[in-house]
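Below is start.csv, holding CSV, N, CA and C atoms.
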```csv
chain,number,residue,atom,x,y,z
B,4,MET,N,-2.4,5.6,-9.8
B,4,MET,CA,-1.6,5.1,-8.7
B,4,MET,C,-0.1,5.4,-8.9
B,5,ILE,N,0.5,6.0,-7.9
B,5,ILE,CA,1.9,6.4,-8.0
B,5,ILE,C,2.8,5.2,-7.9
B,6,GLU,N,3.7,5.0,-8.9
B,6,GLU,CA,4.6,3.9,-8.9
B,6,GLU,C,5.9,4.3,-8.1
B,7,LEU,N,6.2,3.6,-7.0
B,7,LEU,CA,7.3,4.0,-6.2
B,7,LEU,C,8.6,3.2,-6.6
B,8,THR,N,9.7,3.9,-6.3
B,8,THR,CA,11.0,3.3,-6.5
B,8,THR,C,11.9,3.8,-5.3
B,9,LYS,N,13.1,3.4,-5.2
B,9,LYS,CA,13.9,3.9,-4.2
B,9,LYS,C,14.2,5.4,-4.3
B,10,GLU,N,14.1,5.9,-5.6
B,10,GLU,CA,14.4,7.3,-5.8
B,10,GLU,C,13.2,8.2,-5.3
B,11,ASN,N,12.0,7.8,-5.4
B,11,ASN,CA,10.9,8.6,-5.0
B,11,ASN,C,10.1,8.2,-3.7
B,12,PHE,N,10.5,7.1,-3.1
B,12,PHE,CA,9.8,6.6,-2.0
B,12,PHE,C,9.6,7.6,-0.9
B,13,ASP,N,10.7,8.1,-0.4
B,13,ASP,CA,10.7,9.1,0.7
B,13,ASP,C,9.8,10.3,0.4
B,14,SER,N,10.0,10.9,-0.8
B,14,SER,CA,9.3,12.1,-1.1
B,14,SER,C,7.8,11.9,-1.3
B,15,GLU,N,7.4,10.7,-1.7
B,15,GLU,CA,5.9,10.4,-1.9
B,15,GLU,C,5.3,9.9,-0.6
B,16,VAL,N,6.0,9.2,0.3
B,16,VAL,CA,5.4,8.7,1.5
B,16,VAL,C,5.5,9.6,2.7
B,17,ASN,N,6.6,10.4,2.8
B,17,ASN,CA,6.8,11.3,3.9
B,17,ASN,C,6.1,12.6,3.7
B,18,VAL,N,4.8,12.5,3.7
B,18,VAL,CA,4.0,13.7,3.4
B,18,VAL,C,2.9,13.8,4.5
B,19,ASN,N,2.3,15.0,4.6
B,19,ASN,CA,1.2,15.1,5.5
B,19,ASN,C,0.0,14.4,5.0
B,20,GLY,N,-0.7,13.6,5.8
B,20,GLY,CA,-1.8,12.8,5.4
B,20,GLY,C,-1.6,11.3,5.4
B,21,ILE,N,-2.5,10.6,4.8
B,21,ILE,CA,-2.5,9.2,4.7
B,21,ILE,C,-2.0,8.7,3.4
B,22,VAL,N,-1.1,7.7,3.4
B,22,VAL,CA,-0.5,7.1,2.2
B,22,VAL,C,-0.6,5.6,2.4
B,23,MET,N,-1.2,4.9,1.4
B,23,MET,CA,-1.2,3.5,1.4
B,23,MET,C,-0.3,3.0,0.3
B,24,VAL,N,0.6,2.1,0.7
B,24,VAL,CA,1.6,1.5,-0.3
B,24,VAL,C,1.3,0.0,-0.5
B,25,ASP,N,1.0,-0.3,-1.7
B,25,ASP,CA,0.7,-1.7,-2.1
B,25,ASP,C,2.1,-2.3,-2.6
B,26,PHE,N,2.7,-3.2,-1.8
B,26,PHE,CA,3.9,-3.9,-2.1
B,26,PHE,C,3.5,-5.2,-2.9
B,27,TRP,N,4.0,-5.3,-4.1
B,27,TRP,CA,3.5,-6.4,-4.9
B,27,TRP,C,4.7,-7.0,-5.8
B,28,SER,N,4.4,-8.0,-6.5
B,28,SER,CA,5.4,-8.6,-7.4
B,28,SER,C,4.7,-9.3,-8.5
B,29,GLU,N,5.4,-9.4,-9.7
B,29,GLU,CA,4.8,-10.1,-10.9
B,29,GLU,C,4.5,-11.5,-10.5
B,30,SER,N,5.3,-12.1,-9.7
B,30,SER,CA,5.2,-13.6,-9.4
B,30,SER,C,4.1,-13.8,-8.3
B,31,CYS,N,3.5,-12.8,-7.7
B,31,CYS,CA,2.5,-12.9,-6.6
B,31,CYS,C,1.1,-13.0,-7.2
B,32,VAL,N,0.6,-14.2,-7.3
B,32,VAL,CA,-0.8,-14.4,-7.8
B,32,VAL,C,-1.8,-13.6,-7.0
B,33,ARG,N,-1.8,-13.7,-5.7
B,33,ARG,CA,-2.7,-12.9,-4.9
B,33,ARG,C,-2.7,-11.4,-5.1
B,34,CYS,N,-1.4,-10.9,-5.3
B,34,CYS,CA,-1.2,-9.5,-5.6
B,34,CYS,C,-2.0,-9.1,-6.8
B,35,LYS,N,-1.9,-9.9,-7.9
B,35,LYS,CA,-2.6,-9.6,-9.1
B,35,LYS,C,-4.1,-9.7,-9.0
B,36,GLU,N,-4.5,-10.7,-8.2
B,36,GLU,CA,-6.0,-10.8,-7.9
B,36,GLU,C,-6.6,-9.6,-7.2
B,37,LEU,N,-5.8,-9.0,-6.3
B,37,LEU,CA,-6.3,-7.8,-5.6
B,37,LEU,C,-6.2,-6.5,-6.4
B,38,MET,N,-5.3,-6.5,-7.4
B,38,MET,CA,-5.1,-5.2,-8.1
B,38,MET,C,-6.3,-4.5,-8.6
B,39,PRO,N,-7.3,-5.2,-9.3
B,39,PRO,CA,-8.5,-4.4,-9.7
B,39,PRO,C,-9.3,-3.8,-8.6
B,40,ASP,N,-9.3,-4.5,-7.4
B,40,ASP,CA,-10.0,-4.0,-6.3
B,40,ASP,C,-9.3,-2.7,-5.7
B,41,VAL,N,-7.9,-2.8,-5.7
B,41,VAL,CA,-7.1,-1.7,-5.2
B,41,VAL,C,-7.4,-0.5,-6.1
B,42,VAL,N,-7.5,-0.7,-7.4
B,42,VAL,CA,-7.7,0.4,-8.3
B,42,VAL,C,-9.1,1.1,-8.0
B,43,GLU,N,-10.1,0.2,-7.7
B,43,GLU,CA,-11.4,0.7,-7.3
B,43,GLU,C,-11.3,1.5,-6.0
B,44,MET,N,-10.6,1.0,-5.1
B,44,MET,CA,-10.4,1.7,-3.8
B,44,MET,C,-9.8,3.1,-4.0
B,45,GLU,N,-8.8,3.2,-4.9
B,45,GLU,CA,-8.2,4.4,-5.2
B,45,GLU,C,-9.2,5.4,-5.8
B,46,ALA,N,-10.0,4.9,-6.7
B,46,ALA,CA,-11.0,5.8,-7.3
B,46,ALA,C,-12.0,6.3,-6.3
B,47,LYS,N,-12.3,5.5,-5.3
B,47,LYS,CA,-13.3,5.9,-4.3
B,47,LYS,C,-12.7,6.8,-3.2
B,48,TYR,N,-11.5,6.6,-2.8
B,48,TYR,CA,-10.9,7.3,-1.7
B,48,TYR,C,-9.7,8.2,-2.0
B,49,SER,N,-9.5,8.5,-3.3
B,49,SER,CA,-8.3,9.3,-3.7
B,49,SER,C,-8.4,10.7,-3.2
B,50,GLU,N,-9.6,11.2,-2.8
B,50,GLU,CA,-9.7,12.6,-2.3
B,50,GLU,C,-9.2,12.6,-0.8
B,51,GLN,N,-9.3,11.5,-0.1
B,51,GLN,CA,-8.9,11.4,1.3
B,51,GLN,C,-7.5,10.9,1.6
B,52,MET,N,-6.9,10.2,0.6
B,52,MET,CA,-5.6,9.7,0.8
B,52,MET,C,-4.9,9.4,-0.5
B,53,LYS,N,-3.6,9.1,-0.4
B,53,LYS,CA,-2.7,8.9,-1.5
B,53,LYS,C,-2.5,7.3,-1.7
B,54,PHE,N,-2.6,6.9,-2.9
B,54,PHE,CA,-2.3,5.4,-3.2
B,54,PHE,C,-1.1,5.3,-4.0
B,55,CYS,N,-0.2,4.4,-3.5
B,55,CYS,CA,1.0,4.1,-4.2
B,55,CYS,C,1.2,2.6,-4.3
B,56,LYS,N,2.1,2.2,-5.3
B,56,LYS,CA,2.5,0.8,-5.3
B,56,LYS,C,4.0,0.6,-5.6
B,57,LEU,N,4.5,-0.4,-5.0
B,57,LEU,CA,5.9,-0.7,-5.2
B,57,LEU,C,6.1,-2.1,-5.6
B,58,ASN,N,6.7,-2.3,-6.7
B,58,ASN,CA,7.1,-3.7,-7.2
B,58,ASN,C,8.3,-4.0,-6.5
B,59,ILE,N,8.3,-5.1,-5.7
B,59,ILE,CA,9.5,-5.4,-4.9
B,59,ILE,C,10.6,-6.0,-5.8
B,60,GLN,N,10.3,-6.4,-7.0
B,60,GLN,CA,11.4,-6.8,-7.9
B,60,GLN,C,12.2,-5.6,-8.3
B,61,GLY,N,13.4,-5.6,-7.9
B,61,GLY,CA,14.3,-4.4,-8.1
B,61,GLY,C,14.3,-3.4,-7.0
B,62,ASN,N,13.4,-3.7,-6.0
B,62,ASN,CA,13.3,-2.8,-4.8
B,62,ASN,C,13.3,-3.6,-3.5
B,63,ARG,N,13.9,-4.8,-3.5
B,63,ARG,CA,13.9,-5.6,-2.4
B,63,ARG,C,14.4,-5.0,-1.1
B,64,ARG,N,15.5,-4.3,-1.2
B,64,ARG,CA,16.1,-3.7,0.0
B,64,ARG,C,15.1,-2.6,0.6
B,65,LEU,N,14.5,-1.9,-0.3
B,65,LEU,CA,13.5,-0.9,0.2
B,65,LEU,C,12.3,-1.6,0.9
B,66,ALA,N,11.8,-2.7,0.3
B,66,ALA,CA,10.8,-3.5,1.0
B,66,ALA,C,11.2,-4.0,2.3
B,67,MET,N,12.4,-4.6,2.4
B,67,MET,CA,13.0,-5.1,3.6
B,67,MET,C,13.1,-4.0,4.7
B,68,ALA,N,13.5,-2.8,4.2
B,68,ALA,CA,13.7,-1.7,5.2
B,68,ALA,C,12.3,-1.3,5.8
B,69,GLN,N,11.3,-1.6,5.1
B,69,GLN,CA,9.9,-1.3,5.6
B,69,GLN,C,9.3,-2.5,6.3
B,70,LYS,N,10.2,-3.6,6.5
B,70,LYS,CA,9.8,-4.8,7.1
B,70,LYS,C,8.7,-5.6,6.4
B,71,VAL,N,8.7,-5.4,5.1
B,71,VAL,CA,7.8,-6.2,4.2
B,71,VAL,C,8.5,-7.5,3.9
B,72,MET,N,8.0,-8.6,4.4
B,72,MET,CA,8.6,-9.9,4.2
B,72,MET,C,7.8,-10.9,3.4
B,73,GLY,N,6.5,-10.5,3.3
B,73,GLY,CA,5.6,-11.4,2.5
B,73,GLY,C,4.7,-10.6,1.7
B,74,LEU,N,4.1,-11.2,0.7
B,74,LEU,CA,3.2,-10.6,-0.3
B,74,LEU,C,1.9,-11.3,-0.3
B,75,PRO,N,0.8,-10.6,-0.6
B,75,PRO,CA,0.7,-9.1,-0.8
B,75,PRO,C,0.9,-8.4,0.6
B,76,SER,N,1.3,-7.2,0.5
B,76,SER,CA,1.4,-6.4,1.7
B,76,SER,C,0.9,-5.0,1.4
B,77,PHE,N,0.1,-4.4,2.3
B,77,PHE,CA,-0.4,-3.1,2.2
B,77,PHE,C,0.1,-2.4,3.5
B,78,VAL,N,0.8,-1.3,3.3
B,78,VAL,CA,1.3,-0.6,4.5
B,78,VAL,C,0.7,0.8,4.4
B,79,PHE,N,0.2,1.3,5.6
B,79,PHE,CA,-0.4,2.6,5.7
B,79,PHE,C,0.5,3.5,6.5
B,80,TYR,N,0.7,4.7,6.0
B,80,TYR,CA,1.6,5.7,6.7
B,80,TYR,C,0.7,6.9,6.9
B,81,LYS,N,0.9,7.5,8.1
B,81,LYS,CA,0.2,8.7,8.4
B,81,LYS,C,1.3,9.8,8.8
B,82,ASN,N,1.3,10.9,8.0
B,82,ASN,CA,2.3,11.9,8.2
B,82,ASN,C,3.7,11.4,8.2
B,83,GLY,N,3.9,10.4,7.3
B,83,GLY,CA,5.2,9.8,7.1
B,83,GLY,C,5.6,8.7,8.1
B,84,GLU,N,4.7,8.4,9.0
B,84,GLU,CA,5.0,7.4,10.0
B,84,GLU,C,4.2,6.1,9.7
B,85,LYS,N,4.9,5.0,9.7
B,85,LYS,CA,4.2,3.7,9.5
B,85,LYS,C,3.2,3.4,10.6
B,86,GLN,N,1.9,3.1,10.2
B,86,GLN,CA,0.8,2.9,11.1
B,86,GLN,C,0.3,1.5,11.1
B,87,THR,N,0.0,0.9,10.0
B,87,THR,CA,-0.6,-0.4,9.9
B,87,THR,C,0.0,-1.2,8.7
B,88,HIS,N,0.2,-2.5,8.9
B,88,HIS,CA,0.8,-3.3,7.9
B,88,HIS,C,-0.1,-4.6,7.8
B,89,LEU,N,-0.8,-4.7,6.6
B,89,LEU,CA,-1.6,-5.9,6.3
B,89,LEU,C,-0.9,-6.7,5.4
B,90,SER,N,-0.8,-8.0,5.6
B,90,SER,CA,-0.1,-8.9,4.8
B,90,SER,C,-0.6,-10.3,4.8
B,91,GLY,N,-0.3,-11.1,3.7
B,91,GLY,CA,-0.6,-12.5,3.7
B,91,GLY,C,-1.5,-12.9,2.6
B,92,GLU,N,-1.4,-14.2,2.2
B,92,GLU,CA,-2.2,-14.8,1.2
B,92,GLU,C,-3.7,-14.7,1.5
B,93,GLU,N,-4.0,-14.8,2.8
B,93,GLU,CA,-5.4,-14.8,3.2
B,93,GLU,C,-6.1,-13.4,3.3
B,94,LEU,N,-5.3,-12.4,3.0
B,94,LEU,CA,-5.8,-11.0,3.0
B,94,LEU,C,-7.0,-10.9,2.0
B,95,GLU,N,-8.0,-10.3,2.6
B,95,GLU,CA,-9.3,-10.1,1.8
B,95,GLU,C,-9.5,-8.6,1.5
B,96,VAL,N,-10.2,-8.3,0.4
B,96,VAL,CA,-10.5,-6.9,0.1
B,96,VAL,C,-11.1,-6.2,1.2
B,97,GLU,N,-12.0,-6.8,2.0
B,97,GLU,CA,-12.7,-6.2,3.1
B,97,GLU,C,-11.7,-5.7,4.2
B,98,ASP,N,-10.6,-6.5,4.4
B,98,ASP,CA,-9.6,-6.1,5.3
B,98,ASP,C,-8.9,-4.8,4.9
B,99,ILE,N,-8.6,-4.6,3.7
B,99,ILE,CA,-8.0,-3.4,3.2
B,99,ILE,C,-9.0,-2.2,3.3
B,100,VAL,N,-10.2,-2.4,2.8
B,100,VAL,CA,-11.2,-1.4,2.9
B,100,VAL,C,-11.5,-1.0,4.3
B,101,ASN,N,-11.5,-1.9,5.3
B,101,ASN,CA,-11.7,-1.6,6.7
B,101,ASN,C,-10.6,-0.7,7.2
B,102,ALA,N,-9.3,-1.0,6.8
B,102,ALA,CA,-8.2,-0.2,7.2
B,102,ALA,C,-8.3,1.2,6.6
B,103,ILE,N,-8.6,1.3,5.3
B,103,ILE,CA,-8.8,2.6,4.7
B,103,ILE,C,-9.8,3.4,5.4
B,104,GLU,N,-11.0,2.8,5.6
B,104,GLU,CA,-12.1,3.5,6.2
B,104,GLU,C,-11.8,4.0,7.7
B,105,SER,N,-11.0,3.2,8.4
B,105,SER,CA,-10.6,3.6,9.7
B,105,SER,C,-9.7,4.9,9.7
B,106,PHE,N,-8.8,5.0,8.7
B,106,PHE,CA,-8.0,6.2,8.5
B,106,PHE,C,-8.8,7.4,8.0
B,107,VAL,N,-9.7,7.1,7.1
B,107,VAL,CA,-10.5,8.2,6.5
B,107,VAL,C,-11.4,8.7,7.6
B,108,CYS,N,-12.1,7.9,8.4
B,108,CYS,CA,-13.0,8.3,9.5
B,108,CYS,C,-12.2,9.1,10.6
B,109,GLU,N,-11.0,8.7,10.8
B,109,GLU,CA,-10.1,9.3,11.8
B,109,GLU,C,-9.8,10.7,11.4
B,110,GLN,N,-9.6,10.9,10.1
B,110,GLN,CA,-9.3,12.2,9.5
B,110,GLN,C,-10.4,13.2,9.5
B,111,ALA,N,-11.6,12.7,9.4
B,111,ALA,CA,-12.8,13.5,9.3
B,111,ALA,C,-13.1,14.3,10.5
```

As structure tokens, the full file:
Amino acid sequence: MIELTKENFDSEVNVNGIVMVDFWSESCVRCKELMPDVVEMEAKYSEQMKFCKLNIQGNRRLAMAQKVMGLPSFVFYKNGEKQTHLSGEELEVEDIVNAIESFVCEQA
């Protein structure tokens, strides 16, 4: 999974295709709970889309610029344009997988 910073965010996200960015923080318990599942999703769908993560600690302005106000947050971009934003403590693995599959099916 590509680790994003303010230096590489634009070059990694503004590409042709689908990019999912996992906005997380060391202090976010739910973020850490979802991480193993996100790694599995990357293994399964890495041929169809790019997976990135951004630790908001040290990158708060970047997160705010993307309108990420709560954690965990998963933002999907298509051809560099923000498409879908999933967020909240109640976020389930199935919600993320459903979003991924909708983009993957759309591409096929």

Considering all atoms listed in the file, can you say which of B:Asn17, B:Val24, B:Asn11, B:Met4 comes closest to B:Phe79?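 Selected residue with least distance to B:Phe79: B:Val24.
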
To one decimal place, how far is atom CA of B:Trp27 from atom CA of B:Val107 in Å?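 These atoms are spaced 23.2 Å apart.
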
Out of chain B, which residues get strand (DSSP E) from DSSP, as a ChimeraX atom specification? /B:5-6,21-27,53-58,76-81,84-90

Shell of 8 Å around stretch 29-39 of chain B, only N, CA and C atoms, local chain residues under 5 positions omitted, as a PDB file with N, CA and C atoms, keeping the file's coordinate frame:
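Below is the file that was written, out.pdb:
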```pdb
ATOM      1  N   MET B  44     -10.600   1.000  -5.100  1.00  0.00           N
ATOM      2  CA  MET B  44     -10.400   1.700  -3.800  1.00  0.00           C
ATOM      3  C   MET B  44      -9.800   3.100  -4.000  1.00  0.00           C
ATOM      4  N   GLU B  45      -8.800   3.200  -4.900  1.00  0.00           N
ATOM      5  CA  GLU B  45      -8.200   4.400  -5.200  1.00  0.00           C
ATOM      6  C   GLU B  45      -9.200   5.400  -5.800  1.00  0.00           C
ATOM      7  N   ASN B  58       6.700  -2.300  -6.700  1.00  0.00           N
ATOM      8  CA  ASN B  58       7.100  -3.700  -7.200  1.00  0.00           C
ATOM      9  C   ASN B  58       8.300  -4.000  -6.500  1.00  0.00           C
ATOM     10  N   ILE B  59       8.300  -5.100  -5.700  1.00  0.00           N
ATOM     11  CA  ILE B  59       9.500  -5.400  -4.900  1.00  0.00           C
ATOM     12  C   ILE B  59      10.600  -6.000  -5.800  1.00  0.00           C
ATOM     13  N   GLN B  60      10.300  -6.400  -7.000  1.00  0.00           N
ATOM     14  CA  GLN B  60      11.400  -6.800  -7.900  1.00  0.00           C
ATOM     15  C   GLN B  60      12.200  -5.600  -8.300  1.00  0.00           C
ATOM     16  N   LEU B  74       4.100 -11.200   0.700  1.00  0.00           N
ATOM     17  CA  LEU B  74       3.200 -10.600  -0.300  1.00  0.00           C
ATOM     18  C   LEU B  74       1.900 -11.300  -0.300  1.00  0.00           C
ATOM     19  N   PRO B  75       0.800 -10.600  -0.600  1.00  0.00           N
ATOM     20  CA  PRO B  75       0.700  -9.100  -0.800  1.00  0.00           C
ATOM     21  C   PRO B  75       0.900  -8.400   0.600  1.00  0.00           C
ATOM     22  N   SER B  76       1.300  -7.200   0.500  1.00  0.00           N
ATOM     23  CA  SER B  76       1.400  -6.400   1.700  1.00  0.00           C
ATOM     24  C   SER B  76       0.900  -5.000   1.400  1.00  0.00           C
ATOM     25  N   GLY B  91      -0.300 -11.100   3.700  1.00  0.00           N
ATOM     26  CA  GLY B  91      -0.600 -12.500   3.700  1.00  0.00           C
ATOM     27  C   GLY B  91      -1.500 -12.900   2.600  1.00  0.00           C
ATOM     28  N   GLU B  92      -1.400 -14.200   2.200  1.00  0.00           N
ATOM     29  CA  GLU B  92      -2.200 -14.800   1.200  1.00  0.00           C
ATOM     30  C   GLU B  92      -3.700 -14.700   1.500  1.00  0.00           C
ATOM     31  N   GLU B  95      -8.000 -10.300   2.600  1.00  0.00           N
ATOM     32  CA  GLU B  95      -9.300 -10.100   1.800  1.00  0.00           C
ATOM     33  C   GLU B  95      -9.500  -8.600   1.500  1.00  0.00           C
ATOM     34  N   VAL B  96     -10.200  -8.300   0.400  1.00  0.00           N
ATOM     35  CA  VAL B  96     -10.500  -6.900   0.100  1.00  0.00           C
ATOM     36  C   VAL B  96     -11.100  -6.200   1.200  1.00  0.00           C
TER      37      VAL B  96
END
```

Minimum-distance residue to B:Val18, chosen among B:Glu50, B:Asp40, B:Glu93, B:Glu84 (using only C-alpha atoms):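 Result for the nearest residue to B:Val18: B:Glu84.
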
Which protein, DNA or RNA residues are at most 7 Å from (-1.0, 8.6, -7.7) in the file's coordinates when you count only N, CA and C atoms, listed as a list of chain:residue names?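 Residues close enough to count: B:Met4, B:Ile5, B:Glu6, B:Lys53, B:Phe54, B:Cys55.
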
Between atom CA of B:Ala66 and atom CA of B:Phe106, what is the distance, to one decimal in Å? 22.4 Å

One decimal, in Å: what's the spacing between atom CA of B:Leu7 and atom CA of B:Phe26?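 Atom CA of B:Leu7 sits 9.5 Å away from atom CA of B:Phe26.
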